[in-house]
file upload19.csv (CSV, C-alpha atoms)
chain,number,residue,atom,x,y,z
A,1,MET,CA,-176.8,32.8,172.7
A,2,THR,CA,-175.0,29.9,171.0
A,3,ILE,CA,-176.2,27.0,168.9
A,4,TRP,CA,-173.9,24.0,169.6
A,5,GLY,CA,-173.8,21.2,167.0
A,6,ASP,CA,-172.7,17.7,167.8
A,7,ALA,CA,-171.3,17.8,164.3
A,8,ASP,CA,-169.9,14.3,163.6
A,9,SER,CA,-173.3,13.0,162.7
A,10,LEU,CA,-175.2,16.1,161.6
A,11,PRO,CA,-176.4,16.2,158.0
A,12,VAL,CA,-174.8,19.0,155.9
A,13,ARG,CA,-178.2,20.6,155.4
A,14,VAL,CA,-178.7,20.9,159.2
A,15,ARG,CA,-175.3,22.6,159.5
A,16,GLU,CA,-176.3,25.0,156.7
A,17,LEU,CA,-179.7,25.8,158.4
A,18,CYS,CA,-177.9,26.5,161.7
A,19,ALA,CA,-175.3,28.8,159.9
A,20,ARG,CA,-178.1,30.8,158.3
A,21,ARG,CA,-179.3,31.8,161.8
A,22,SER,CA,-175.9,33.0,162.9
A,23,GLY,CA,-175.5,36.7,163.6
A,24,ILE,CA,-179.2,37.5,163.0
A,25,GLY,CA,-181.5,39.6,165.1
A,26,THR,CA,-180.7,41.8,168.1
A,27,CYS,CA,-179.1,39.0,170.0
A,28,GLU,CA,-176.0,37.7,168.4
A,29,ILE,CA,-176.4,34.0,167.6
A,30,GLY,CA,-173.2,32.1,167.4
A,31,VAL,CA,-173.0,28.6,165.9
A,32,ILE,CA,-170.2,26.2,167.0
A,33,PHE,CA,-169.8,22.8,165.5
A,34,VAL,CA,-167.9,20.4,167.7
A,35,SER,CA,-166.4,17.2,166.2
A,36,ALA,CA,-163.7,14.7,166.5
A,37,ARG,CA,-162.8,15.2,162.8
A,38,LYS,CA,-162.5,18.1,160.5
A,39,ILE,CA,-165.8,19.1,158.9
A,40,PRO,CA,-166.5,21.6,156.1
A,41,LEU,CA,-168.1,24.8,157.6
A,42,PRO,CA,-171.0,26.5,155.9
A,43,PRO,CA,-170.8,30.2,155.5
A,44,GLY,CA,-172.2,32.3,158.3
A,45,LYS,CA,-171.4,35.5,160.2
A,46,LEU,CA,-170.6,33.8,163.6
A,47,VAL,CA,-169.9,30.2,162.6
A,48,SER,CA,-167.0,28.3,163.9
A,49,ALA,CA,-165.8,24.7,164.5
A,50,ARG,CA,-164.0,23.1,167.4
A,51,LEU,CA,-162.0,20.0,166.8
A,52,VAL,CA,-161.7,18.0,170.0
A,53,SER,CA,-159.1,15.5,170.9
A,54,GLY,CA,-158.4,14.1,174.4
A,55,GLU,CA,-162.0,14.7,175.4
A,56,SER,CA,-165.3,13.8,173.8
A,57,ALA,CA,-167.3,16.3,171.8
A,58,ASP,CA,-170.1,15.6,174.2
A,59,ASP,CA,-168.0,16.6,177.2
A,60,HIS,CA,-166.7,19.7,175.5
A,61,ILE,CA,-170.2,20.9,174.6
A,62,ILE,CA,-171.6,20.3,178.1
A,63,SER,CA,-168.6,22.1,179.7
A,64,ALA,CA,-168.6,25.1,177.3
A,65,ALA,CA,-172.3,25.7,176.8
A,66,LYS,CA,-174.2,28.2,179.0
A,67,PRO,CA,-177.8,27.9,180.2
A,68,LEU,CA,-180.3,28.4,177.4
A,69,ASP,CA,-177.8,27.7,174.7
A,70,ILE,CA,-179.2,25.2,172.1
A,71,ILE,CA,-177.6,21.8,171.5
A,72,ILE,CA,-178.3,19.9,168.3
A,73,THR,CA,-177.6,16.2,168.6
A,74,ARG,CA,-178.7,12.7,167.7
A,75,ASP,CA,-177.1,11.4,170.9
A,76,ILE,CA,-179.9,10.8,173.4
A,77,PRO,CA,-177.6,10.6,176.5
A,78,LEU,CA,-176.0,13.9,175.4
A,79,ALA,CA,-179.5,15.5,175.0
A,80,LYS,CA,-180.3,14.3,178.6
A,81,ARG,CA,-177.1,15.8,179.9
A,82,ALA,CA,-177.9,19.0,178.1
A,83,LEU,CA,-181.4,19.3,179.6
A,84,ASP,CA,-180.0,18.5,183.1
A,85,ALA,CA,-177.6,21.4,182.6
A,86,GLY,CA,-180.3,23.9,181.7
A,87,LEU,CA,-179.7,23.8,177.9
A,88,ILE,CA,-182.2,23.4,175.1
A,89,ALA,CA,-181.8,20.2,173.2
A,90,LEU,CA,-183.2,19.1,169.8
A,91,ASN,CA,-182.3,16.5,167.2
A,92,ASP,CA,-181.8,16.9,163.5
A,93,ARG,CA,-185.3,15.5,162.8
A,94,GLY,CA,-187.2,18.3,164.5
A,95,THR,CA,-187.8,17.0,168.0
A,96,ILE,CA,-187.2,19.5,170.8
A,97,TRP,CA,-186.4,17.3,173.8
A,98,THR,CA,-188.1,17.7,177.2
A,99,GLN,CA,-187.4,15.7,180.4
A,100,ASP,CA,-190.5,13.6,179.7
A,101,THR,CA,-189.7,12.9,176.0
A,102,ILE,CA,-186.0,12.1,176.9
A,103,ARG,CA,-187.0,9.7,179.6
A,104,GLU,CA,-189.4,8.0,177.3
A,105,ARG,CA,-186.9,7.8,174.4
A,106,LEU,CA,-184.1,6.5,176.8
A,107,SER,CA,-186.5,3.8,178.0
A,108,VAL,CA,-187.3,2.7,174.4
A,109,ARG,CA,-183.6,2.9,173.4
A,110,ASP,CA,-182.6,0.7,176.4
A,111,PHE,CA,-185.4,-1.8,175.6
A,112,MET,CA,-184.4,-2.0,172.0
A,113,ALA,CA,-180.8,-2.5,172.9
A,114,SER,CA,-181.8,-5.4,175.2
A,115,ALA,CA,-184.0,-6.9,172.4
A,116,ARG,CA,-181.1,-6.7,169.9
A,117,ASP,CA,-178.7,-8.2,172.4
A,118,ALA,CA,-181.2,-11.1,172.8
A,119,GLY,CA,-181.5,-11.5,169.0
A,120,LEU,CA,-185.1,-10.4,169.0
A,121,ALA,CA,-184.7,-7.2,167.0
A,122,GLU,CA,-182.5,-5.8,164.3
A,123,MET,CA,-180.9,-2.3,164.3
A,124,SER,CA,-182.7,0.1,162.0
A,125,ARG,CA,-181.7,3.7,161.4
A,126,ALA,CA,-183.4,6.4,159.4
A,127,THR,CA,-181.0,7.2,156.6
A,128,THR,CA,-182.9,9.7,154.6
A,129,PHE,CA,-182.9,13.4,155.2
A,130,GLY,CA,-185.3,14.9,152.7
A,131,LYS,CA,-187.4,18.0,152.5
A,132,LYS,CA,-189.8,16.8,155.2
A,133,GLU,CA,-187.0,16.3,157.7
A,134,GLU,CA,-185.4,19.6,156.7
A,135,ASN,CA,-188.6,21.5,157.3
A,136,ALA,CA,-189.3,19.8,160.6
A,137,PHE,CA,-185.7,20.7,161.8
A,138,ALA,CA,-185.9,24.3,160.6
A,139,ASN,CA,-189.2,24.8,162.4
A,140,ALA,CA,-187.9,23.1,165.6
A,141,LEU,CA,-184.8,25.3,165.5
A,142,ASP,CA,-186.8,28.5,165.2
A,143,LYS,CA,-189.0,27.4,168.1
A,144,ALA,CA,-185.9,26.6,170.2
A,145,LEU,CA,-184.4,30.0,169.4
A,146,LEU,CA,-187.7,31.7,170.4
A,147,LEU,CA,-187.8,29.7,173.6
A,148,SER,CA,-184.2,30.6,174.5
A,149,VAL,CA,-184.9,34.3,173.9
A,150,LYS,CA,-188.2,34.2,175.8
A,151,MET,CA,-186.6,32.4,178.8
A,152,SER,CA,-183.6,34.7,178.9
A,153,GLY,CA,-185.8,37.8,179.0
A,154,VAL,CA,-184.0,39.4,176.0
A,155,ASN,CA,-186.2,41.8,174.0
A,156,GLN,CA,-186.4,40.9,170.4
call {"tool": "encode", "arguments": {"input": "upload19.csv", "output": "structure tokens"}}
result
Amino acid sequence: MTIWGDADSLPVRVRELCARRSGIGTCEIGVIFVSARKIPLPPGKLVSARLVSGESADDHIISAAKPLDIIITRDIPLAKRALDAGLIALNDRGTIWTQDTIRERLSVRDFMASARDAGLAEMSRATTFGKKEENAFANALDKALLLSVKMSGVNQ
């Protein structure tokens, strides 16, 4: 099982939480951070980075990941591609994506893009990543790991 991080936009704390889960338990959990730029790696038993050039990080993750691997990304279209490929997708705020929640989020995203293009809305982004977000992510990651193990049939 592998945790894939779309690392260009992941907070450092999220990368650290992922790294802490590497190499634990009876199933070896690898963590691979994929980015277009060099990023500092947190310590971890099975933590690595892949620097991509010539292809997008998204394409690399989708082509290299195996069913039931976990993808962590803020990129909604990447999360949709991951779900379509049989992967588990979550964001760094603690949301585990499903086909229903992705469909809803894509609809809202497209509507807001249209509203911004028409000058009816402004772009807003959550910029804080505090203890609340950290705890929500850690809980979601643990749930995603348990889901992956349960769906794969591996005994814990």
call {"tool": "atom_distance", "arguments": {"input": "upload19.csv", "atom1": "atom CA of Ala57 of chain A", "atom2": "atom CA of Ala89 of chain A"}}
result
15.1 Å
call {"tool": "closest_residue", "arguments": {"input": "upload19.csv", "among": "A:Lys143, A:Phe33, A:Pro77, A:Glu55", "to": "Asp110 of chain A", "atoms": "only C-alpha atoms"}}
result
A:Pro77
call {"tool": "residues_around", "arguments": {"input": "upload19.csv", "residues": "Ile29 of chain A", "least_positions_apart": "5", "cutoff": "9 Å", "atoms": "only C-alpha atoms", "output": "CSV table (one decimal) with C-alpha atoms, in the frame of the given file"}}
result
chain,number,residue,atom,x,y,z
A,1,MET,CA,-176.8,32.8,172.7
A,2,THR,CA,-175.0,29.9,171.0
A,3,ILE,CA,-176.2,27.0,168.9
A,21,ARG,CA,-179.3,31.8,161.8
A,22,SER,CA,-175.9,33.0,162.9
A,23,GLY,CA,-175.5,36.7,163.6
A,24,ILE,CA,-179.2,37.5,163.0
A,46,LEU,CA,-170.6,33.8,163.6
call {"tool": "closest_atom_pairs", "arguments": {"input": "upload19.csv", "of": "segment 89-108 of chain A", "to": "segment 58-73 of chain A", "cutoff": "12 Å", "atoms": "all atoms listed in the file", "output": "JSON lines"}}
result
{"residue": "A:Ala89", "atom": "CA", "partner": "A:Ile71", "partner_atom": "CA", "distance": 4.8}
{"residue": "A:Leu90", "atom": "CA", "partner": "A:Ile72", "partner_atom": "CA", "distance": 5.2}
{"residue": "A:Asn91", "atom": "CA", "partner": "A:Thr73", "partner_atom": "CA", "distance": 4.9}
{"residue": "A:Asp92", "atom": "CA", "partner": "A:Thr73", "partner_atom": "CA", "distance": 6.6}
{"residue": "A:Arg93", "atom": "CA", "partner": "A:Thr73", "partner_atom": "CA", "distance": 9.7}
{"residue": "A:Gly94", "atom": "CA", "partner": "A:Ile72", "partner_atom": "CA", "distance": 9.8}
{"residue": "A:Thr95", "atom": "CA", "partner": "A:Ile72", "partner_atom": "CA", "distance": 9.9}
{"residue": "A:Ile96", "atom": "CA", "partner": "A:Ile72", "partner_atom": "CA", "distance": 9.3}
{"residue": "A:Trp97", "atom": "CA", "partner": "A:Ile72", "partner_atom": "CA", "distance": 10.1}
call {"tool": "atom_distance", "arguments": {"input": "upload19.csv", "atom1": "atom CA of Ile88 of chain A", "atom2": "atom CA of Val34 of chain A"}}
result
16.4 Å
call {"tool": "residues_around", "arguments": {"input": "upload19.csv", "residues": "Leu17 of chain A", "least_positions_apart": "3", "cutoff": "9 Å", "atoms": "only C-alpha atoms", "output": "PyMOL selection string"}}
result
chain A and resi 12-14+20-21+134+137-138+141
call {"tool": "atom_distance", "arguments": {"input": "upload19.csv", "atom1": "atom CA of Pro40 of chain A", "atom2": "atom CA of Leu87 of chain A"}}
result
25.6 Å
call {"tool": "residues_around", "arguments": {"input": "upload19.csv", "residues": "Ile76 of chain A", "least_positions_apart": "2", "cutoff": "9 Å", "atoms": "only C-alpha atoms", "output": "PDB file with C-alpha atoms, in the coordinates of the input"}}
result
ATOM      1  CA  THR A  73    -177.600  16.200 168.600  1.00  0.00           C
ATOM      2  CA  ARG A  74    -178.700  12.700 167.700  1.00  0.00           C
ATOM      3  CA  LEU A  78    -176.000  13.900 175.400  1.00  0.00           C
ATOM      4  CA  ALA A  79    -179.500  15.500 175.000  1.00  0.00           C
ATOM      5  CA  LYS A  80    -180.300  14.300 178.600  1.00  0.00           C
ATOM      6  CA  ARG A  81    -177.100  15.800 179.900  1.00  0.00           C
ATOM      7  CA  ASN A  91    -182.300  16.500 167.200  1.00  0.00           C
ATOM      8  CA  ILE A 102    -186.000  12.100 176.900  1.00  0.00           C
ATOM      9  CA  ARG A 105    -186.900   7.800 174.400  1.00  0.00           C
ATOM     10  CA  LEU A 106    -184.100   6.500 176.800  1.00  0.00           C
ATOM     11  CA  ARG A 109    -183.600   2.900 173.400  1.00  0.00           C
TER      12      ARG A 109
END
call {"tool": "closest_residue", "arguments": {"input": "upload19.csv", "among": "A:Glu122, A:Glu133, A:Glu28, A:Asp84", "to": "Val149 of chain A", "atoms": "all atoms listed in the file"}}
result
A:Glu28
